[in-house]
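Participant: Contents are CSV, C-alpha atoms; file name structure-v4.csv:
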chain,number,residue,atom,x,y,z
A,1,MET,CA,106.3,-78.5,132.3
A,2,SER,CA,104.0,-80.0,129.6
A,3,SER,CA,105.1,-81.5,126.3
A,4,GLN,CA,103.4,-78.6,124.6
A,5,LYS,CA,105.3,-76.1,126.6
A,6,MET,CA,108.7,-77.8,125.9
A,7,GLN,CA,107.8,-77.9,122.2
A,8,LEU,CA,107.0,-74.2,122.2
A,9,ILE,CA,110.3,-73.3,124.0
A,10,ALA,CA,112.3,-75.4,121.5
A,11,ARG,CA,110.6,-73.6,118.6
A,12,GLU,CA,111.4,-70.2,120.2
A,13,MET,CA,115.0,-71.3,120.9
A,14,ASN,CA,115.2,-72.1,117.1
A,15,PHE,CA,118.3,-74.4,117.6
A,16,ALA,CA,118.7,-77.8,116.0
A,17,GLU,CA,117.8,-79.5,119.3
A,18,THR,CA,116.8,-78.3,122.8
A,19,THR,CA,117.0,-80.6,125.8
A,20,PHE,CA,115.0,-80.5,129.0
A,21,ILE,CA,116.3,-82.0,132.3
A,22,LEU,CA,113.1,-82.9,134.1
A,23,SER,CA,114.5,-83.2,137.6
A,24,LYS,CA,117.6,-82.7,139.7
A,25,GLU,CA,116.9,-86.0,141.3
A,26,GLN,CA,117.8,-89.3,139.7
A,27,ARG,CA,115.3,-92.0,138.8
A,28,LYS,CA,116.3,-95.6,138.3
A,29,GLY,CA,120.0,-94.5,138.4
A,30,GLY,CA,119.7,-91.8,135.7
A,31,TYR,CA,118.4,-88.3,134.9
A,32,ASP,CA,115.1,-88.0,133.0
A,33,VAL,CA,115.8,-86.0,129.8
A,34,ARG,CA,113.7,-85.1,126.8
A,35,ILE,CA,115.0,-83.7,123.5
A,36,PHE,CA,113.0,-81.6,121.0
A,37,THR,CA,113.7,-80.1,117.6
A,38,THR,CA,111.7,-77.0,116.5
A,39,SER,CA,109.0,-79.4,115.2
A,40,LYS,CA,109.1,-82.7,117.2
A,41,GLU,CA,110.5,-84.7,120.0
A,42,LEU,CA,113.4,-87.0,119.3
A,43,PRO,CA,114.0,-90.4,121.0
A,44,PHE,CA,117.8,-89.8,120.9
A,45,ALA,CA,120.3,-87.3,119.7
A,46,GLY,CA,124.1,-87.4,120.1
A,47,HIS,CA,125.4,-83.9,120.6
A,48,PRO,CA,122.5,-82.7,122.8
A,49,SER,CA,123.1,-85.8,125.0
A,50,LEU,CA,126.8,-85.0,125.5
A,51,GLY,CA,126.0,-81.4,126.3
A,52,THR,CA,123.2,-82.3,128.7
A,53,ALA,CA,125.5,-84.8,130.6
A,54,PHE,CA,128.1,-82.0,130.9
A,55,VAL,CA,125.5,-79.5,132.3
A,56,ILE,CA,124.3,-82.2,134.8
A,57,GLN,CA,127.9,-82.9,135.9
A,58,GLN,CA,128.7,-79.2,136.2
A,59,ASP,CA,125.5,-77.7,137.7
A,60,ILE,CA,123.6,-80.5,139.4
A,61,VAL,CA,126.1,-83.1,140.6
A,62,ALA,CA,128.9,-80.5,140.9
A,63,ARG,CA,131.7,-83.0,141.4
A,64,LYS,CA,133.9,-85.3,139.5
A,65,VAL,CA,132.0,-88.4,138.2
A,66,ARG,CA,133.0,-91.1,135.8
A,67,GLN,CA,129.5,-91.6,134.3
A,68,ILE,CA,126.1,-90.0,134.1
A,69,ILE,CA,123.1,-91.9,132.7
A,70,LEU,CA,120.4,-90.1,130.7
A,71,ASN,CA,116.9,-91.6,130.6
A,72,LEU,CA,115.8,-90.8,127.1
A,73,LYS,CA,112.8,-92.0,125.1
A,74,TYR,CA,115.3,-94.3,123.3
A,75,GLY,CA,116.2,-95.8,126.7
A,76,PRO,CA,119.0,-95.3,129.3
A,77,VAL,CA,122.1,-93.8,127.6
A,78,PRO,CA,125.4,-93.7,129.6
A,79,VAL,CA,127.8,-90.8,129.1
A,80,GLU,CA,131.4,-91.4,130.4
A,81,PHE,CA,133.8,-88.6,131.4
A,82,ASP,CA,137.5,-88.3,130.7
A,83,TYR,CA,139.3,-85.7,132.8
A,84,GLN,CA,142.4,-83.6,132.3
A,85,ASN,CA,143.8,-81.4,135.1
A,86,GLY,CA,140.6,-82.1,137.0
A,87,LYS,CA,138.3,-80.8,134.3
A,88,PRO,CA,136.2,-82.8,131.8
A,89,SER,CA,138.1,-83.3,128.5
A,90,ASN,CA,136.3,-85.8,126.3
A,91,LEU,CA,132.8,-87.1,127.0
A,92,TRP,CA,131.8,-90.5,125.6
A,93,LEU,CA,128.3,-91.4,124.6
A,94,ASN,CA,127.6,-95.2,124.9
A,95,VAL,CA,125.2,-96.8,122.4
A,96,LYS,CA,124.4,-100.5,122.5
A,97,ASN,CA,123.1,-102.8,119.8
A,98,PRO,CA,122.6,-100.5,116.8
A,99,ARG,CA,120.1,-102.0,114.3
A,100,PHE,CA,120.9,-102.6,110.7
A,101,GLY,CA,118.2,-102.2,108.0
A,102,LYS,CA,117.9,-102.5,104.3
A,103,LEU,CA,120.7,-102.0,101.7
A,104,VAL,CA,120.5,-99.1,99.3
A,105,SER,CA,121.8,-99.3,95.8
A,106,PRO,CA,124.8,-97.2,94.7
A,107,GLU,CA,122.7,-95.9,91.8
A,108,THR,CA,120.1,-94.5,94.3
A,109,ILE,CA,122.9,-92.8,96.3
A,110,ALA,CA,124.3,-91.3,93.1
A,111,GLY,CA,120.9,-90.0,92.1
A,112,LEU,CA,120.1,-88.6,95.6
A,113,MET,CA,123.4,-86.7,95.8
A,114,GLY,CA,124.0,-85.6,92.2
A,115,ILE,CA,127.2,-87.5,91.8
A,116,ASP,CA,128.5,-90.2,89.5
A,117,ARG,CA,127.8,-93.9,90.2
A,118,ASN,CA,131.6,-94.5,90.3
A,119,ASP,CA,131.9,-91.9,93.1
A,120,VAL,CA,130.2,-94.5,95.5
A,121,ASP,CA,132.7,-96.9,96.9
A,122,GLY,CA,131.5,-100.3,95.6
A,123,ARG,CA,133.4,-102.3,98.1
A,124,PHE,CA,130.9,-101.6,100.8
A,125,PRO,CA,127.1,-101.4,100.5
A,126,PRO,CA,125.1,-98.3,101.5
A,127,GLN,CA,122.8,-99.3,104.4
A,128,VAL,CA,120.3,-98.1,106.8
A,129,VAL,CA,121.6,-98.0,110.4
A,130,SER,CA,119.3,-97.1,113.3
A,131,ILE,CA,120.4,-95.6,116.7
A,132,GLY,CA,116.8,-94.6,117.6
A,133,ILE,CA,116.6,-92.7,114.3
A,134,PRO,CA,117.3,-94.5,111.0
A,135,PHE,CA,120.1,-93.1,108.8
A,136,VAL,CA,121.4,-94.2,105.5
A,137,ILE,CA,125.2,-94.6,105.7
A,138,ALA,CA,127.0,-94.3,102.3
A,139,PRO,CA,130.7,-94.6,101.5
A,140,LEU,CA,132.2,-92.4,98.8
A,141,ARG,CA,135.7,-92.9,97.3
A,142,THR,CA,137.2,-89.4,97.5
A,143,LEU,CA,137.0,-86.1,99.3
A,144,LYS,CA,136.5,-84.4,95.9
A,145,ALA,CA,133.3,-86.5,95.5
A,146,LEU,CA,132.2,-85.7,99.0
A,147,LYS,CA,132.7,-82.0,98.5
A,148,GLY,CA,130.9,-82.1,95.1
A,149,VAL,CA,127.5,-83.6,96.2
A,150,ARG,CA,124.4,-81.7,95.2
A,151,PRO,CA,121.4,-83.3,97.0
A,152,SER,CA,118.1,-83.5,95.1
A,153,VAL,CA,114.7,-83.0,97.0
A,154,ASP,CA,112.9,-85.0,94.3
A,155,GLU,CA,115.2,-87.9,94.5
A,156,PHE,CA,115.1,-88.0,98.3
A,157,ASP,CA,111.3,-88.1,98.1
A,158,LYS,CA,111.3,-90.8,95.4
A,159,ALA,CA,113.6,-93.0,97.4
A,160,GLY,CA,111.7,-92.4,100.7
A,161,ILE,CA,115.0,-91.4,102.4
A,162,ARG,CA,115.0,-88.8,105.2
A,163,GLU,CA,118.5,-88.8,106.6
A,164,ILE,CA,121.8,-89.7,105.0
A,165,LEU,CA,125.4,-89.6,106.1
A,166,LEU,CA,128.2,-89.7,103.5
A,167,PHE,CA,131.8,-90.4,104.3
A,168,CYS,CA,135.2,-90.9,102.6
A,169,PRO,CA,138.6,-92.2,103.7
A,170,GLU,CA,140.2,-88.8,103.1
A,171,SER,CA,140.0,-86.0,105.6
A,172,ARG,CA,140.5,-82.2,105.6
A,173,ASP,CA,143.1,-82.6,108.4
A,174,PRO,CA,145.9,-85.2,108.2
A,175,ASP,CA,145.4,-85.9,111.9
A,176,ASN,CA,141.8,-87.2,111.2
A,177,ASP,CA,140.8,-90.5,109.6
A,178,LEU,CA,137.5,-89.8,107.8
A,179,ALA,CA,135.5,-86.8,106.4
A,180,VAL,CA,131.7,-86.8,106.8
A,181,ARG,CA,128.7,-84.8,105.5
A,182,PHE,CA,125.2,-85.3,106.8
A,183,PHE,CA,121.9,-84.3,105.0
A,184,SER,CA,118.3,-84.4,106.2
A,185,ARG,CA,115.1,-84.0,104.3
A,186,THR,CA,113.2,-81.5,106.4
A,187,TYR,CA,111.4,-78.5,104.8
A,188,ASP,CA,114.1,-78.6,102.1
A,189,ILE,CA,117.5,-80.4,102.3
A,190,HIS,CA,119.3,-79.4,105.5
A,191,GLU,CA,123.0,-80.0,106.1
A,192,ASP,CA,124.1,-80.5,109.7
A,193,SER,CA,127.6,-79.4,110.9
A,194,ALA,CA,127.7,-82.0,113.7
A,195,THR,CA,125.7,-85.2,114.1
A,196,GLY,CA,126.5,-87.5,117.1
A,197,SER,CA,123.7,-90.0,116.5
A,198,ALA,CA,124.4,-90.4,112.8
A,199,ASN,CA,128.1,-90.8,113.5
A,200,ALA,CA,127.3,-93.5,116.0
A,201,GLY,CA,125.6,-95.3,113.2
A,202,LEU,CA,128.7,-94.7,111.1
A,203,ALA,CA,130.9,-96.3,113.7
A,204,ALA,CA,128.6,-99.3,113.8
A,205,TYR,CA,128.6,-99.5,110.0
A,206,LEU,CA,132.4,-99.4,109.8
A,207,VAL,CA,132.8,-102.3,112.2
A,208,LYS,CA,130.0,-104.4,110.8
A,209,HIS,CA,131.5,-104.2,107.3
A,210,ARG,CA,135.1,-104.3,108.5
A,211,TYR,CA,135.9,-101.1,106.7
A,212,PHE,CA,139.3,-101.0,108.3
A,213,GLY,CA,139.6,-104.8,108.3
A,214,LYS,CA,139.0,-105.1,112.1
A,215,SER,CA,136.3,-105.8,114.6
A,216,LYS,CA,137.3,-102.7,116.6
A,217,LEU,CA,137.5,-99.1,115.8
A,218,ASP,CA,139.1,-95.9,117.1
A,219,VAL,CA,139.0,-93.0,114.6
A,220,ARG,CA,138.7,-89.2,114.4
A,221,VAL,CA,136.0,-87.8,112.1
A,222,ASP,CA,135.7,-84.2,110.8
A,223,GLN,CA,132.4,-82.6,109.6
A,224,GLY,CA,130.9,-79.2,108.9
A,225,HIS,CA,133.7,-77.7,106.9
A,226,GLU,CA,131.5,-76.9,103.9
A,227,MET,CA,129.3,-74.8,106.3
A,228,SER,CA,132.3,-73.0,107.9
A,229,ARG,CA,131.4,-74.7,111.2
A,230,PRO,CA,134.0,-77.5,111.5
A,231,SER,CA,133.5,-80.1,114.1
A,232,LEU,CA,135.6,-83.1,115.3
A,233,LEU,CA,134.3,-86.3,116.8
A,234,ARG,CA,136.0,-89.4,118.1
A,235,LEU,CA,134.4,-92.8,117.3
A,236,ARG,CA,135.1,-96.0,119.1
A,237,ALA,CA,133.4,-99.3,118.4
A,238,LYS,CA,134.0,-103.0,119.2
A,239,GLU,CA,132.2,-106.2,118.2
A,240,THR,CA,132.5,-109.1,120.8
A,241,GLY,CA,130.5,-112.3,120.7
A,242,GLY,CA,128.1,-110.9,118.1
A,243,GLN,CA,127.4,-107.8,120.3
A,244,LEU,CA,128.3,-104.4,119.0
A,245,GLY,CA,129.1,-101.5,121.3
A,246,VAL,CA,129.7,-97.9,120.1
A,247,LYS,CA,131.1,-94.8,121.7
A,248,VAL,CA,130.9,-91.3,120.3
A,249,GLY,CA,133.3,-88.8,122.0
A,250,GLY,CA,133.7,-85.0,121.9
A,251,HIS,CA,134.9,-82.1,123.9
A,252,VAL,CA,132.1,-80.0,125.5
A,253,ILE,CA,132.3,-76.4,126.7
A,254,LYS,CA,129.6,-74.0,128.1
A,255,THR,CA,129.2,-71.0,125.8
A,256,GLY,CA,126.3,-69.1,127.5
A,257,ARG,CA,123.7,-69.0,130.3
A,258,GLY,CA,120.4,-67.4,130.7
A,259,ASP,CA,117.1,-67.5,132.6
A,260,LEU,CA,113.7,-68.7,131.4
A,261,LEU,CA,111.2,-65.9,132.1
Can the structure from this file be put into structure tokens for me?
Facilitator:
Amino acid sequence: MSSQKMQLIAREMNFAETTFILSKEQRKGGYDVRIFTTSKELPFAGHPSLGTAFVIQQDIVARKVRQIILNLKYGPVPVEFDYQNGKPSNLWLNVKNPRFGKLVSPETIAGLMGIDRNDVDGRFPPQVVSIGIPFVIAPLRTLKALKGVRPSVDEFDKAGIREILLFCPESRDPDNDLAVRFFSRTYDIHEDSATGSANAGLAAYLVKHRYFGKSKLDVRVDQGHEMSRPSLLRLRAKETGGQLGVKVGGHVIKTGRGDLL
């Protein structure tokens, strides 16, 4: 199938992302996969990768495995499987060596999101983190501030920022550790209910800046409540010898099946 055909199908599907498994056979130890939004191909995306690994395990491999490697444009991405009662429970996306970019001023974040400068947590600098796609990660002080953001298209364009993840140390559920909101400058300002790749960047950010005072991390993150589409992600990260490894985990289920005519 050509790239043009994949793009057309992704546009017709009209989901956030559509993945294509190019072959049932492995190449270089992994399965070749391409990911498209309705408008372009992505080098990497978190939730589609977890779902694609689940489909490969269920429908292609059809047996219990500990790991499946996806060959993405970003590079080979391992997905690990945890099992409960013989069935996949959590899947874990492994991301190596996230890249850290420029710092962004709290004043810029406040202008972007229509909040007060003091709503931005001054203990930690907003920063660009890249997991194949660059995201600005910005810490806020309170859940009230996170709920009250009003993103501005003009300020996004003025700052040259496309993707931003905001988080705070309060959550909607006492069992969780952080609350997250994610916004993207697409045709307008789009909010996403679940962002695995941006949360991988968040995990890297939390460890790099020792947000919890440690070089390792194991937290639960909730997202999507403002859209009435709540999601839950597990984030694990560890820095050893200057190398930073990140895992993003979630539960995957199959909700539908169809044929391409």
Participant: Kindly assemble as a Markdown table a list of the segment 66-114 of chain A residues that lie within 12 Å of segment 39-62 of chain A, each paired with its nearest atom pair and their distance in Å to one decimal, using all atoms listed in the file, sorted first by chain and then by ascending residue number.
Facilitator:
| residue | atom | partner | partner_atom | distance |
| --- | --- | --- | --- | --- |
| A:Arg66 | CA | A:Gln57 | CA | 9.7 |
| A:Gln67 | CA | A:Ala53 | CA | 8.7 |
| A:Ile68 | CA | A:Ala53 | CA | 6.3 |
| A:Ile69 | CA | A:Ala53 | CA | 7.8 |
| A:Leu70 | CA | A:Ala53 | CA | 7.4 |
| A:Asn71 | CA | A:Phe44 | CA | 9.9 |
| A:Leu72 | CA | A:Pro43 | CA | 6.4 |
| A:Lys73 | CA | A:Pro43 | CA | 4.6 |
| A:Tyr74 | CA | A:Pro43 | CA | 4.7 |
| A:Gly75 | CA | A:Pro43 | CA | 8.2 |
| A:Pro76 | CA | A:Phe44 | CA | 10.1 |
| A:Val77 | CA | A:Ser49 | CA | 8.5 |
| A:Pro78 | CA | A:Ala53 | CA | 9.0 |
| A:Val79 | CA | A:Ala53 | CA | 6.6 |
| A:Glu80 | CA | A:Ala53 | CA | 8.9 |
| A:Phe81 | CA | A:Phe54 | CA | 8.7 |
| A:Asp82 | CA | A:Phe54 | CA | 11.3 |
| A:Tyr83 | CA | A:Phe54 | CA | 11.9 |
| A:Lys87 | CA | A:Gln58 | CA | 9.9 |
| A:Pro88 | CA | A:Phe54 | CA | 8.2 |
| A:Ser89 | CA | A:Phe54 | CA | 10.4 |
| A:Asn90 | CA | A:Leu50 | CA | 9.6 |
| A:Leu91 | CA | A:Leu50 | CA | 6.5 |
| A:Trp92 | CA | A:Leu50 | CA | 7.4 |
| A:Leu93 | CA | A:Leu50 | CA | 6.6 |
| A:Asn94 | CA | A:Gly46 | CA | 9.8 |
| A:Val95 | CA | A:Gly46 | CA | 9.7 |
Participant: One decimal, Å: what's the distance from atom CA of Ala194 of chain A over to atom CA of Ile131 of chain A, could you say?
Facilitator: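 Taking atom CA of Ala194 of chain A as the start and atom CA of Ile131 of chain A as the end point, the length is 15.7 Å.
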Participant: Excluding Asp157 of chain A and residues on its chain fewer than 2 positions from it, collect all residues at most 12 Å away from it, counting all atoms listed in the file, and give them as a VMD selection string.
Facilitator: chain A and resid 108 111 to 112 151 to 155 159 to 163 184 to 189
Participant: Which residues are near Pro139 of chain A? Cut-off 9 Å, only C-alpha atoms, ignore same chain within fewer than 6 positions. Put them as a short mmCIF file (atom, residue, chain, number, x, y, z; two decimals) with C-alpha atoms, in the frame of the given file.
Facilitator:
data_model
loop_
_atom_site.label_atom_id
_atom_site.label_comp_id
_atom_site.auth_asym_id
_atom_site.auth_seq_id
_atom_site.Cartn_x
_atom_site.Cartn_y
_atom_site.Cartn_z
CA ASP A 119 131.90 -91.90 93.10
CA VAL A 120 130.20 -94.50 95.50
CA ASP A 121 132.70 -96.90 96.90
CA GLY A 122 131.50 -100.30 95.60
CA ARG A 123 133.40 -102.30 98.10
CA PHE A 124 130.90 -101.60 100.80
CA PRO A 125 127.10 -101.40 100.50
CA PRO A 126 125.10 -98.30 101.50
CA LEU A 165 125.40 -89.60 106.10
CA LEU A 166 128.20 -89.70 103.50
CA PHE A 167 131.80 -90.40 104.30
CA CYS A 168 135.20 -90.90 102.60
CA PRO A 169 138.60 -92.20 103.70
#
Participant: I'd like the interatomic distance between atom CA of Gly196 of chain A and atom CA of Thr19 of chain A, to a tenth of an Å.
Facilitator: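 Calculated distance between atom CA of Gly196 of chain A and atom CA of Thr19 of chain A is 14.6 Å.
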Participant: Between atom CA of Ala145 of chain A and atom CA of Asp116 of chain A, what distance in Å does the model show, to one decimal?
Facilitator: 8.5 Å
Participant: Check the smallest atom-to-atom distance from each of A:Val129, A:Leu232, A:Ile164, A:Val149 to Leu178 of chain A using only C-alpha atoms, then report the winner.
Facilitator: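 Closest candidate: A:Leu232.
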Participant: From the options A:Phe100, A:Phe15, A:Phe20, A:Phe36, which residue's atoms come nearest to Val207 of chain A, counting all atoms listed in the file?
Facilitator: A:Phe100
Participant: Would you kindly return, as a PyMOL selection string, each protein, DNA or RNA residue with an atom no farther than 7 Å from any atom of Lys216 of chain A, considering all atoms listed in the file and excluding same-chain residues fewer than 6 positions away?
Facilitator: chain A and resi 207+237-239
Participant: Using all atoms listed in the file, which residue out of A:Ile115, A:Leu103, A:Val252, A:Leu143 lies closest to Ser231 of chain A?
Facilitator: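 Ranking A:Ile115, A:Leu103, A:Val252, A:Leu143 by distance to Ser231 of chain A, first place goes to A:Val252.
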Participant: Can you work out which one of A:Val248, A:Leu261, A:Leu206, A:Ala179 has the shortest atom-to-atom distance to Gly224 of chain A, counting all atoms listed in the file?
Facilitator: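 The answer is A:Ala179, which sits nearest to Gly224 of chain A.
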Participant: Restricted to N, CA and C atoms, what does segment 152-179 of chain A look like when written out as a compact mmCIF listing (two decimals), in the first residue's frame?
Facilitator:
# COMPACT_ATOMS: atom_id res chain seq x y z
N SER A 152 -4.56 30.49 23.92
CA SER A 152 -4.71 31.55 22.93
C SER A 152 -3.98 31.18 21.64
N VAL A 153 -4.71 31.16 20.53
CA VAL A 153 -4.10 30.86 19.23
C VAL A 153 -3.02 31.88 18.90
N ASP A 154 -3.30 33.17 19.13
CA ASP A 154 -2.35 34.21 18.80
C ASP A 154 -1.05 34.06 19.59
N GLU A 155 -1.16 33.72 20.87
CA GLU A 155 0.03 33.56 21.70
C GLU A 155 0.82 32.31 21.31
N PHE A 156 0.13 31.24 20.93
CA PHE A 156 0.82 30.04 20.43
C PHE A 156 1.67 30.41 19.21
N ASP A 157 1.06 31.14 18.27
CA ASP A 157 1.75 31.49 17.04
C ASP A 157 2.90 32.46 17.31
N LYS A 158 2.69 33.40 18.23
CA LYS A 158 3.74 34.36 18.57
C LYS A 158 4.95 33.67 19.17
N ALA A 159 4.71 32.66 20.02
CA ALA A 159 5.81 31.94 20.68
C ALA A 159 6.39 30.84 19.80
N GLY A 160 5.72 30.50 18.70
CA GLY A 160 6.21 29.42 17.84
C GLY A 160 6.10 28.05 18.48
N ILE A 161 5.10 27.88 19.34
CA ILE A 161 4.91 26.61 20.06
C ILE A 161 3.75 25.85 19.43
N ARG A 162 3.94 24.54 19.22
CA ARG A 162 2.90 23.71 18.60
C ARG A 162 2.22 22.78 19.58
N GLU A 163 3.00 22.23 20.53
CA GLU A 163 2.46 21.21 21.44
C GLU A 163 2.88 21.55 22.86
N ILE A 164 1.94 21.48 23.79
CA ILE A 164 2.27 21.79 25.18
C ILE A 164 1.51 20.86 26.13
N LEU A 165 2.23 20.32 27.10
CA LEU A 165 1.63 19.51 28.16
C LEU A 165 1.78 20.26 29.47
N LEU A 166 0.66 20.45 30.16
CA LEU A 166 0.64 21.09 31.47
C LEU A 166 0.33 20.03 32.51
N PHE A 167 0.95 20.15 33.69
CA PHE A 167 0.66 19.19 34.75
C PHE A 167 0.70 19.89 36.10
N CYS A 168 0.10 19.25 37.10
CA CYS A 168 0.15 19.78 38.46
C CYS A 168 0.18 18.60 39.43
N PRO A 169 0.62 18.85 40.68
CA PRO A 169 0.78 17.75 41.65
C PRO A 169 -0.50 17.35 42.35
N GLU A 170 -1.64 17.91 41.94
CA GLU A 170 -2.93 17.44 42.43
C GLU A 170 -3.57 16.60 41.34
N SER A 171 -4.39 15.64 41.71
CA SER A 171 -5.08 14.84 40.71
C SER A 171 -6.57 14.80 41.03
N ARG A 172 -7.35 14.34 40.05
CA ARG A 172 -8.80 14.27 40.27
C ARG A 172 -9.17 13.08 41.13
N ASP A 173 -8.29 12.07 41.15
CA ASP A 173 -8.52 10.83 41.90
C ASP A 173 -7.39 10.69 42.91
N PRO A 174 -7.69 10.46 44.19
CA PRO A 174 -6.62 10.36 45.20
C PRO A 174 -5.65 9.22 44.97
N ASP A 175 -6.03 8.22 44.15
CA ASP A 175 -5.11 7.12 43.84
C ASP A 175 -4.04 7.52 42.82
N ASN A 176 -4.23 8.66 42.16
CA ASN A 176 -3.29 9.11 41.13
C ASN A 176 -2.34 10.16 41.69
N ASP A 177 -1.27 10.42 40.96
CA ASP A 177 -0.22 11.31 41.46
C ASP A 177 -0.19 12.67 40.80
N LEU A 178 -0.57 12.74 39.52
CA LEU A 178 -0.52 13.98 38.77
C LEU A 178 -1.74 14.11 37.87
N ALA A 179 -2.11 15.36 37.60
CA ALA A 179 -3.14 15.64 36.59
C ALA A 179 -2.48 16.33 35.41
